[in-house]
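Source file: structure.cif. Holds: mmCIF, N, CA and C atoms.
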```
data_upload
loop_
_atom_site.label_atom_id
_atom_site.label_comp_id
_atom_site.auth_asym_id
_atom_site.auth_seq_id
_atom_site.Cartn_x
_atom_site.Cartn_y
_atom_site.Cartn_z
N MET A 22 93.08 106.49 105.33
CA MET A 22 93.88 105.29 105.23
C MET A 22 95.29 105.53 105.75
N LYS A 23 95.67 106.77 105.97
CA LYS A 23 97.01 107.08 106.43
C LYS A 23 97.29 106.47 107.80
N ARG A 24 96.29 106.37 108.62
CA ARG A 24 96.49 105.82 109.97
C ARG A 24 96.55 104.30 109.96
N HIS A 25 96.13 103.69 108.90
CA HIS A 25 96.06 102.23 108.87
C HIS A 25 97.08 101.65 107.88
N LEU A 26 98.22 102.30 107.73
CA LEU A 26 99.24 101.81 106.81
C LEU A 26 99.82 100.48 107.24
N SER A 27 99.88 100.24 108.53
CA SER A 27 100.44 98.97 109.00
C SER A 27 99.56 97.80 108.56
N ALA A 28 98.27 97.96 108.63
CA ALA A 28 97.36 96.90 108.18
C ALA A 28 97.47 96.71 106.67
N LEU A 29 97.65 97.80 105.95
CA LEU A 29 97.80 97.72 104.50
C LEU A 29 99.10 96.99 104.14
N LEU A 30 100.14 97.22 104.90
CA LEU A 30 101.40 96.55 104.65
C LEU A 30 101.28 95.04 104.86
N VAL A 31 100.67 94.63 105.95
CA VAL A 31 100.52 93.20 106.22
C VAL A 31 99.60 92.55 105.19
N ALA A 32 98.54 93.24 104.82
CA ALA A 32 97.63 92.70 103.80
C ALA A 32 98.33 92.59 102.45
N GLY A 33 99.15 93.57 102.13
CA GLY A 33 99.91 93.52 100.88
C GLY A 33 100.89 92.36 100.86
N TRP A 34 101.51 92.11 102.01
CA TRP A 34 102.42 90.97 102.11
C TRP A 34 101.66 89.66 101.89
N GLY A 35 100.47 89.58 102.45
CA GLY A 35 99.65 88.38 102.24
C GLY A 35 99.23 88.24 100.79
N LEU A 36 98.88 89.36 100.14
CA LEU A 36 98.49 89.29 98.73
C LEU A 36 99.67 88.88 97.85
N LEU A 37 100.85 89.37 98.18
CA LEU A 37 102.04 88.97 97.42
C LEU A 37 102.28 87.47 97.55
N ASN A 38 102.11 86.95 98.74
CA ASN A 38 102.25 85.51 98.93
C ASN A 38 101.15 84.75 98.20
N GLY A 39 99.96 85.33 98.09
CA GLY A 39 98.90 84.72 97.30
C GLY A 39 99.25 84.66 95.83
N VAL A 40 99.89 85.70 95.32
CA VAL A 40 100.34 85.70 93.92
C VAL A 40 101.41 84.63 93.72
N LEU A 41 102.33 84.52 94.67
CA LEU A 41 103.35 83.48 94.57
C LEU A 41 102.73 82.08 94.63
N LEU A 42 101.69 81.94 95.41
CA LEU A 42 100.97 80.66 95.47
C LEU A 42 100.33 80.35 94.12
N ALA A 43 99.79 81.37 93.47
CA ALA A 43 99.20 81.17 92.15
C ALA A 43 100.27 80.77 91.12
N VAL A 44 101.46 81.34 91.25
CA VAL A 44 102.56 80.94 90.36
C VAL A 44 102.90 79.47 90.57
N LEU A 45 102.90 79.04 91.83
CA LEU A 45 103.16 77.63 92.10
C LEU A 45 102.07 76.74 91.51
N ALA A 46 100.85 77.24 91.48
CA ALA A 46 99.76 76.46 90.90
C ALA A 46 99.98 76.28 89.40
N VAL A 47 100.53 77.29 88.75
CA VAL A 47 100.80 77.19 87.31
C VAL A 47 101.83 76.10 87.04
N TYR A 48 102.80 75.97 87.94
CA TYR A 48 103.85 74.97 87.75
C TYR A 48 103.47 73.60 88.29
N GLY A 49 102.27 73.44 88.83
CA GLY A 49 101.77 72.13 89.22
C GLY A 49 102.43 71.54 90.46
N GLU A 50 102.48 72.29 91.52
CA GLU A 50 103.05 71.78 92.77
C GLU A 50 102.10 70.79 93.43
N SER A 51 102.58 70.14 94.47
CA SER A 51 101.76 69.14 95.16
C SER A 51 100.74 69.80 96.08
N ALA A 52 99.80 69.03 96.52
CA ALA A 52 98.73 69.54 97.37
C ALA A 52 99.26 70.02 98.72
N MET A 53 100.32 69.38 99.23
CA MET A 53 100.89 69.78 100.52
C MET A 53 101.42 71.20 100.47
N VAL A 54 102.02 71.58 99.34
CA VAL A 54 102.54 72.94 99.18
C VAL A 54 101.38 73.94 99.23
N PHE A 55 100.29 73.60 98.58
CA PHE A 55 99.14 74.51 98.59
C PHE A 55 98.56 74.66 100.00
N TRP A 56 98.49 73.56 100.73
CA TRP A 56 97.96 73.65 102.10
C TRP A 56 98.87 74.49 102.98
N LEU A 57 100.17 74.26 102.89
CA LEU A 57 101.10 75.00 103.76
C LEU A 57 101.17 76.48 103.38
N TRP A 58 101.35 76.75 102.11
CA TRP A 58 101.48 78.14 101.67
C TRP A 58 100.13 78.86 101.80
N GLY A 59 99.06 78.18 101.50
CA GLY A 59 97.74 78.79 101.68
C GLY A 59 97.45 79.10 103.14
N GLY A 60 97.92 78.23 104.03
CA GLY A 60 97.78 78.51 105.46
C GLY A 60 98.57 79.74 105.87
N ALA A 61 99.75 79.91 105.30
CA ALA A 61 100.55 81.11 105.60
C ALA A 61 99.86 82.36 105.09
N VAL A 62 99.26 82.28 103.90
CA VAL A 62 98.53 83.42 103.37
C VAL A 62 97.32 83.74 104.25
N LEU A 63 96.63 82.74 104.70
CA LEU A 63 95.48 82.93 105.59
C LEU A 63 95.91 83.58 106.91
N VAL A 64 97.01 83.11 107.48
CA VAL A 64 97.50 83.70 108.73
C VAL A 64 97.89 85.16 108.52
N LEU A 65 98.53 85.47 107.40
CA LEU A 65 98.90 86.86 107.12
C LEU A 65 97.67 87.75 106.97
N GLU A 66 96.66 87.28 106.28
CA GLU A 66 95.46 88.10 106.11
C GLU A 66 94.69 88.26 107.42
N LEU A 67 94.65 87.23 108.23
CA LEU A 67 94.02 87.36 109.56
C LEU A 67 94.81 88.33 110.44
N THR A 68 96.12 88.29 110.32
CA THR A 68 96.95 89.24 111.06
C THR A 68 96.69 90.66 110.60
N ALA A 69 96.53 90.85 109.30
CA ALA A 69 96.20 92.18 108.78
C ALA A 69 94.87 92.67 109.33
N LEU A 70 93.91 91.77 109.45
CA LEU A 70 92.62 92.14 110.02
C LEU A 70 92.75 92.54 111.49
N VAL A 71 93.55 91.78 112.24
CA VAL A 71 93.77 92.11 113.65
C VAL A 71 94.48 93.45 113.78
N VAL A 72 95.47 93.71 112.93
CA VAL A 72 96.18 94.99 112.97
C VAL A 72 95.23 96.13 112.62
N LEU A 73 94.36 95.92 111.64
CA LEU A 73 93.40 96.96 111.27
C LEU A 73 92.44 97.25 112.41
N LEU A 74 91.92 96.22 113.04
CA LEU A 74 91.02 96.42 114.18
C LEU A 74 91.74 97.10 115.33
N SER A 75 92.98 96.74 115.56
CA SER A 75 93.75 97.36 116.64
C SER A 75 94.00 98.83 116.35
N SER A 76 94.30 99.17 115.10
CA SER A 76 94.58 100.57 114.78
C SER A 76 93.31 101.41 114.77
N ARG A 77 92.16 100.81 114.50
CA ARG A 77 90.90 101.56 114.55
C ARG A 77 90.43 101.79 115.99
N ARG A 78 90.83 100.89 116.87
CA ARG A 78 90.42 101.01 118.26
C ARG A 78 91.06 102.20 118.96
N ALA A 79 92.33 102.42 118.67
CA ALA A 79 93.06 103.52 119.29
C ALA A 79 93.84 104.28 118.22
N PRO A 80 93.14 105.08 117.41
CA PRO A 80 93.82 105.73 116.29
C PRO A 80 94.78 106.84 116.72
N ASP A 81 94.68 107.32 117.96
CA ASP A 81 95.53 108.42 118.37
C ASP A 81 96.91 107.95 118.80
N GLN A 82 97.08 106.68 118.98
CA GLN A 82 98.36 106.18 119.46
C GLN A 82 99.22 105.66 118.31
N HIS A 83 100.49 105.71 118.49
CA HIS A 83 101.47 105.12 117.59
C HIS A 83 101.43 105.71 116.19
N ILE A 84 101.18 106.99 116.08
CA ILE A 84 101.18 107.61 114.76
C ILE A 84 102.58 108.11 114.42
N ARG A 85 103.26 108.71 115.39
CA ARG A 85 104.61 109.20 115.16
C ARG A 85 105.57 108.56 116.14
N TYR A 86 106.73 108.26 115.65
CA TYR A 86 107.75 107.66 116.49
C TYR A 86 108.94 108.61 116.56
N HIS A 87 109.54 108.69 117.71
CA HIS A 87 110.71 109.52 117.90
C HIS A 87 111.89 108.64 118.25
N VAL A 88 113.02 108.91 117.59
CA VAL A 88 114.23 108.17 117.90
C VAL A 88 114.78 108.72 119.20
N PRO A 89 115.02 107.89 120.21
CA PRO A 89 115.41 108.39 121.52
C PRO A 89 116.81 108.98 121.57
N ASP A 90 117.68 108.61 120.67
CA ASP A 90 119.04 109.09 120.71
C ASP A 90 119.39 109.72 119.38
N ARG A 91 120.29 110.67 119.39
CA ARG A 91 120.65 111.36 118.15
C ARG A 91 121.23 110.41 117.12
N GLY A 92 122.00 109.44 117.54
CA GLY A 92 122.61 108.51 116.61
C GLY A 92 121.81 107.24 116.41
N GLY A 93 120.62 107.20 116.96
CA GLY A 93 119.82 105.98 116.89
C GLY A 93 119.39 105.60 115.49
N GLY A 94 119.31 106.56 114.59
CA GLY A 94 118.92 106.26 113.22
C GLY A 94 119.98 105.49 112.46
N ALA A 95 121.19 105.43 113.00
CA ALA A 95 122.29 104.71 112.33
C ALA A 95 122.25 103.22 112.60
N VAL A 96 121.41 102.79 113.51
CA VAL A 96 121.38 101.37 113.88
C VAL A 96 120.90 100.46 112.74
N PRO A 97 119.78 100.76 112.05
CA PRO A 97 119.34 99.86 110.97
C PRO A 97 120.36 99.69 109.85
N PRO A 98 120.98 100.79 109.31
CA PRO A 98 121.98 100.54 108.27
C PRO A 98 123.20 99.80 108.79
N ALA A 99 123.59 100.04 110.04
CA ALA A 99 124.73 99.31 110.61
C ALA A 99 124.41 97.83 110.75
N ALA A 100 123.20 97.52 111.18
CA ALA A 100 122.80 96.12 111.32
C ALA A 100 122.77 95.42 109.96
N PHE A 101 122.25 96.11 108.96
CA PHE A 101 122.20 95.52 107.62
C PHE A 101 123.61 95.34 107.06
N GLY A 102 124.49 96.32 107.30
CA GLY A 102 125.87 96.21 106.85
C GLY A 102 126.59 95.05 107.52
N LEU A 103 126.37 94.87 108.82
CA LEU A 103 127.00 93.75 109.52
C LEU A 103 126.43 92.41 109.04
N LEU A 104 125.16 92.38 108.71
CA LEU A 104 124.57 91.17 108.15
C LEU A 104 125.24 90.83 106.82
N LEU A 105 125.48 91.84 105.99
CA LEU A 105 126.15 91.59 104.71
C LEU A 105 127.58 91.13 104.91
N VAL A 106 128.26 91.66 105.93
CA VAL A 106 129.62 91.22 106.21
C VAL A 106 129.62 89.74 106.61
N THR A 107 128.68 89.33 107.43
CA THR A 107 128.63 87.91 107.82
C THR A 107 128.24 87.03 106.63
N LEU A 108 127.40 87.54 105.73
CA LEU A 108 127.04 86.76 104.55
C LEU A 108 128.19 86.63 103.57
N CYS A 109 129.21 87.48 103.72
CA CYS A 109 130.40 87.37 102.87
C CYS A 109 131.08 86.02 103.05
N PHE A 110 131.00 85.46 104.24
CA PHE A 110 131.64 84.18 104.49
C PHE A 110 130.95 83.04 103.73
N VAL A 111 129.70 83.24 103.41
CA VAL A 111 128.95 82.20 102.70
C VAL A 111 128.95 82.45 101.18
N TYR A 112 128.66 83.71 100.79
CA TYR A 112 128.45 84.01 99.37
C TYR A 112 129.63 84.65 98.67
N GLY A 113 130.66 84.99 99.40
CA GLY A 113 131.85 85.56 98.76
C GLY A 113 132.09 87.00 99.16
N ARG A 114 133.28 87.43 98.82
CA ARG A 114 133.71 88.78 99.24
C ARG A 114 133.09 89.90 98.42
N TRP A 115 132.39 89.58 97.37
CA TRP A 115 131.79 90.62 96.56
C TRP A 115 130.74 91.41 97.35
N LEU A 116 130.18 90.84 98.41
CA LEU A 116 129.20 91.56 99.22
C LEU A 116 129.83 92.72 100.00
N LEU A 117 131.17 92.70 100.14
CA LEU A 117 131.84 93.81 100.80
C LEU A 117 131.70 95.11 100.02
N VAL A 118 131.47 95.00 98.72
CA VAL A 118 131.27 96.19 97.89
C VAL A 118 130.03 96.96 98.36
N VAL A 119 129.05 96.25 98.87
CA VAL A 119 127.84 96.88 99.38
C VAL A 119 127.96 97.16 100.88
N ALA A 120 128.59 96.25 101.62
CA ALA A 120 128.62 96.34 103.07
C ALA A 120 129.50 97.48 103.57
N VAL A 121 130.66 97.68 102.98
CA VAL A 121 131.59 98.69 103.48
C VAL A 121 131.02 100.11 103.33
N PRO A 122 130.48 100.50 102.16
CA PRO A 122 129.87 101.84 102.09
C PRO A 122 128.68 102.00 103.04
N LEU A 123 127.92 100.93 103.22
CA LEU A 123 126.77 101.00 104.13
C LEU A 123 127.23 101.21 105.56
N LEU A 124 128.29 100.53 105.96
CA LEU A 124 128.84 100.74 107.30
C LEU A 124 129.44 102.13 107.44
N ALA A 125 130.03 102.67 106.38
CA ALA A 125 130.57 104.03 106.43
C ALA A 125 129.44 105.05 106.59
N VAL A 126 128.35 104.84 105.89
CA VAL A 126 127.19 105.74 106.02
C VAL A 126 126.63 105.68 107.43
N SER A 127 126.53 104.49 107.99
CA SER A 127 125.99 104.37 109.34
C SER A 127 126.93 104.99 110.36
N ALA A 128 128.25 104.87 110.15
CA ALA A 128 129.19 105.52 111.06
C ALA A 128 129.07 107.04 110.98
N ALA A 129 128.90 107.57 109.76
CA ALA A 129 128.71 109.02 109.60
C ALA A 129 127.42 109.48 110.25
N MET A 130 126.38 108.67 110.12
CA MET A 130 125.10 109.03 110.75
C MET A 130 125.23 109.01 112.27
N ALA A 131 125.99 108.06 112.80
CA ALA A 131 126.15 107.98 114.25
C ALA A 131 126.96 109.15 114.78
N LEU A 132 127.97 109.57 114.04
CA LEU A 132 128.81 110.68 114.50
C LEU A 132 128.12 112.02 114.33
N ARG A 133 127.42 112.18 113.24
CA ARG A 133 126.77 113.46 112.95
C ARG A 133 125.46 113.63 113.71
N GLY A 134 124.75 112.53 113.93
CA GLY A 134 123.42 112.62 114.52
C GLY A 134 122.38 112.66 113.44
N THR A 135 121.28 111.97 113.66
CA THR A 135 120.29 111.84 112.59
C THR A 135 118.96 112.49 112.94
N THR A 136 118.75 112.86 114.17
CA THR A 136 117.47 113.46 114.54
C THR A 136 117.68 114.92 114.90
N ALA A 137 116.59 115.64 114.97
CA ALA A 137 116.67 117.05 115.34
C ALA A 137 117.09 117.19 116.79
N ARG A 138 117.90 118.18 117.03
CA ARG A 138 118.34 118.40 118.42
C ARG A 138 117.21 119.00 119.23
N GLU A 139 117.25 118.70 120.51
CA GLU A 139 116.21 119.25 121.40
C GLU A 139 116.40 120.75 121.53
N ARG A 140 115.30 121.43 121.59
CA ARG A 140 115.37 122.90 121.67
C ARG A 140 115.39 123.36 123.10
#
```
Before we go any further, please render this structure as structure tokens.
Amino acid sequence: MKRHLSALLVAGWGLLNGVLLAVLAVYGESAMVFWLWGGAVLVLELTALVVLLSSRRAPDQHIRYHVPDRGGGAVPPAAFGLLLVTLCFVYGRWLLVVAVPLLAVSAAMALRGTTARER
């Protein structure tokens, strides 16, 4: 199952949405909500099936990923930090408490390098 983690992730996301749909059923939502949300759950589960079939077809590919640049690992935390900074304009400055340290960590990762050096 280690090679098919991507399919498990998509299927889990679909199951989580199915649980949320069941919660909506408890609260008595309208039929339109069930059709729309149920359709989203169906699309997620079909996507999980397609991902599983795709990963079984070529199991030797896409198992390990290499970051092309030494500082490339700093991009996701920097992007999330910048997202939090922009959300400060909507939700308040308290998000800076999370965004500033995250941006500092990403800057340190970019300067130090996050991947192994080439030998």
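Atom pair CA of Leu67 (chain A) / atom C of Gly39 (chain A): separated by 14.9 Å.
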For Leu30 (chain A): contacts at 10 Å, only C-alpha atoms, fewer than 6 positions along chain excluded, given as a count of residues only:
3
Would you mind reading off the distance between atom C of Arg77 (chain A) and CA of Gly35 (chain A), one decimal, in Å?
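Rounded to one decimal, the two atoms are 21.3 Å apart.
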Tell me, in Å to one decimal, how far CA of Leu29 (chain A) is from CA of Leu74 (chain A).
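The value is 11.9 Å.
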Go through the shown structure with the PyMOL selection byres ((chain A and resi 101-108) around 6.5) and write out the matching residues as a ChimeraX atom specification.
/A:96-100,109-113,116-117,119-121,123-124
Would you mind listing what lies within 7 Å of Ala28 (chain A) as number ranges by chain, with all atoms listed in the file counted and same-chain residues fewer than 4 positions away left out?
A: 24, 32-33, 68-70, 72-73
Specify as an NGL selection string each residue included when the PyMOL selection byres ((chain A and resi 130) around 7) is applied to this file.
:A and (91-95 or 125-129 or 131-135)
At most 10 Å from (99.8, 83.5, 102.7), file frame, only C-alpha atoms: which residues, as a short mmCIF file (atom, residue, chain, number, x, y, z; two decimals) with N, CA and C atoms, in the frame of the given file?
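Saved file selection_5.cif follows:
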```cif
data_model
loop_
_atom_site.label_atom_id
_atom_site.label_comp_id
_atom_site.auth_asym_id
_atom_site.auth_seq_id
_atom_site.Cartn_x
_atom_site.Cartn_y
_atom_site.Cartn_z
N ALA A 32 98.54 93.24 104.82
CA ALA A 32 97.63 92.70 103.80
C ALA A 32 98.33 92.59 102.45
N TRP A 34 101.51 92.11 102.01
CA TRP A 34 102.42 90.97 102.11
C TRP A 34 101.66 89.66 101.89
N GLY A 35 100.47 89.58 102.45
CA GLY A 35 99.65 88.38 102.24
C GLY A 35 99.23 88.24 100.79
N LEU A 36 98.88 89.36 100.14
CA LEU A 36 98.49 89.29 98.73
C LEU A 36 99.67 88.88 97.85
N LEU A 37 100.85 89.37 98.18
CA LEU A 37 102.04 88.97 97.42
C LEU A 37 102.28 87.47 97.55
N ASN A 38 102.11 86.95 98.74
CA ASN A 38 102.25 85.51 98.93
C ASN A 38 101.15 84.75 98.20
N GLY A 39 99.96 85.33 98.09
CA GLY A 39 98.90 84.72 97.30
C GLY A 39 99.25 84.66 95.83
N VAL A 40 99.89 85.70 95.32
CA VAL A 40 100.34 85.70 93.92
C VAL A 40 101.41 84.63 93.72
N LEU A 41 102.33 84.52 94.67
CA LEU A 41 103.35 83.48 94.57
C LEU A 41 102.73 82.08 94.63
N LEU A 42 101.69 81.94 95.41
CA LEU A 42 100.97 80.66 95.47
C LEU A 42 100.33 80.35 94.12
N PHE A 55 100.29 73.60 98.58
CA PHE A 55 99.14 74.51 98.59
C PHE A 55 98.56 74.66 100.00
N LEU A 57 100.17 74.26 102.89
CA LEU A 57 101.10 75.00 103.76
C LEU A 57 101.17 76.48 103.38
N TRP A 58 101.35 76.75 102.11
CA TRP A 58 101.48 78.14 101.67
C TRP A 58 100.13 78.86 101.80
N GLY A 59 99.06 78.18 101.50
CA GLY A 59 97.74 78.79 101.68
C GLY A 59 97.45 79.10 103.14
N GLY A 60 97.92 78.23 104.03
CA GLY A 60 97.78 78.51 105.46
C GLY A 60 98.57 79.74 105.87
N ALA A 61 99.75 79.91 105.30
CA ALA A 61 100.55 81.11 105.60
C ALA A 61 99.86 82.36 105.09
N VAL A 62 99.26 82.28 103.90
CA VAL A 62 98.53 83.42 103.37
C VAL A 62 97.32 83.74 104.25
N LEU A 63 96.63 82.74 104.70
CA LEU A 63 95.48 82.93 105.59
C LEU A 63 95.91 83.58 106.91
N VAL A 64 97.01 83.11 107.48
CA VAL A 64 97.50 83.70 108.73
C VAL A 64 97.89 85.16 108.52
N LEU A 65 98.53 85.47 107.40
CA LEU A 65 98.90 86.86 107.12
C LEU A 65 97.67 87.75 106.97
N GLU A 66 96.66 87.28 106.28
CA GLU A 66 95.46 88.10 106.11
C GLU A 66 94.69 88.26 107.42
N LEU A 67 94.65 87.23 108.23
CA LEU A 67 94.02 87.36 109.56
C LEU A 67 94.81 88.33 110.44
#
```
Because some atoms of region 90-108 of chain A are absent here, can you restore N, CA, C and O atoms and send them as a CSV table (one decimal), in the coordinates of the input?
```
chain,number,residue,atom,x,y,z
A,90,ASP,N,117.7,108.6,120.7
A,90,ASP,CA,119.0,109.1,120.7
A,90,ASP,C,119.4,109.7,119.4
A,90,ASP,O,118.8,109.3,118.3
A,91,ARG,N,120.3,110.7,119.4
A,91,ARG,CA,120.6,111.4,118.2
A,91,ARG,C,121.2,110.4,117.1
A,91,ARG,O,121.0,110.6,115.9
A,92,GLY,N,122.0,109.4,117.5
A,92,GLY,CA,122.6,108.5,116.6
A,92,GLY,C,121.8,107.2,116.4
A,92,GLY,O,122.3,106.3,115.8
A,93,GLY,N,120.6,107.2,117.0
A,93,GLY,CA,119.8,106.0,116.9
A,93,GLY,C,119.4,105.6,115.5
A,93,GLY,O,119.1,104.4,115.2
A,94,GLY,N,119.3,106.6,114.6
A,94,GLY,CA,118.9,106.3,113.2
A,94,GLY,C,120.0,105.5,112.5
A,94,GLY,O,119.7,105.0,111.4
A,95,ALA,N,121.2,105.4,113.0
A,95,ALA,CA,122.3,104.7,112.3
A,95,ALA,C,122.2,103.2,112.6
A,95,ALA,O,123.0,102.5,112.0
A,96,VAL,N,121.4,102.8,113.5
A,96,VAL,CA,121.4,101.4,113.9
A,96,VAL,C,120.9,100.5,112.7
A,96,VAL,O,121.5,99.4,112.5
A,97,PRO,N,119.8,100.8,112.0
A,97,PRO,CA,119.3,99.9,111.0
A,97,PRO,C,120.4,99.7,109.8
A,97,PRO,O,120.6,98.6,109.4
A,98,PRO,N,121.0,100.8,109.3
A,98,PRO,CA,122.0,100.5,108.3
A,98,PRO,C,123.2,99.8,108.8
A,98,PRO,O,123.8,99.0,108.1
A,99,ALA,N,123.6,100.0,110.0
A,99,ALA,CA,124.7,99.3,110.6
A,99,ALA,C,124.4,97.8,110.8
A,99,ALA,O,125.2,97.0,110.4
A,100,ALA,N,123.2,97.5,111.2
A,100,ALA,CA,122.8,96.1,111.3
A,100,ALA,C,122.8,95.4,110.0
A,100,ALA,O,123.2,94.3,109.8
A,101,PHE,N,122.2,96.1,109.0
A,101,PHE,CA,122.2,95.5,107.6
A,101,PHE,C,123.6,95.3,107.1
A,101,PHE,O,123.9,94.3,106.4
A,102,GLY,N,124.5,96.3,107.3
A,102,GLY,CA,125.9,96.2,106.8
A,102,GLY,C,126.6,95.0,107.5
A,102,GLY,O,127.3,94.3,106.9
A,103,LEU,N,126.4,94.9,108.8
A,103,LEU,CA,127.0,93.8,109.5
A,103,LEU,C,126.4,92.4,109.0
A,103,LEU,O,127.2,91.4,109.0
A,104,LEU,N,125.2,92.4,108.7
A,104,LEU,CA,124.6,91.2,108.2
A,104,LEU,C,125.2,90.8,106.8
A,104,LEU,O,125.6,89.7,106.6
A,105,LEU,N,125.5,91.8,106.0
A,105,LEU,CA,126.2,91.6,104.7
A,105,LEU,C,127.6,91.1,104.9
A,105,LEU,O,128.1,90.3,104.2
A,106,VAL,N,128.3,91.7,105.9
A,106,VAL,CA,129.6,91.2,106.2
A,106,VAL,C,129.6,89.7,106.6
A,106,VAL,O,130.5,89.0,106.2
A,107,THR,N,128.7,89.3,107.4
A,107,THR,CA,128.6,87.9,107.8
A,107,THR,C,128.2,87.0,106.6
A,107,THR,O,128.7,85.9,106.5
A,108,LEU,N,127.4,87.5,105.7
A,108,LEU,CA,127.0,86.8,104.6
A,108,LEU,C,128.2,86.6,103.6
A,108,LEU,O,128.2,85.8,102.7
```
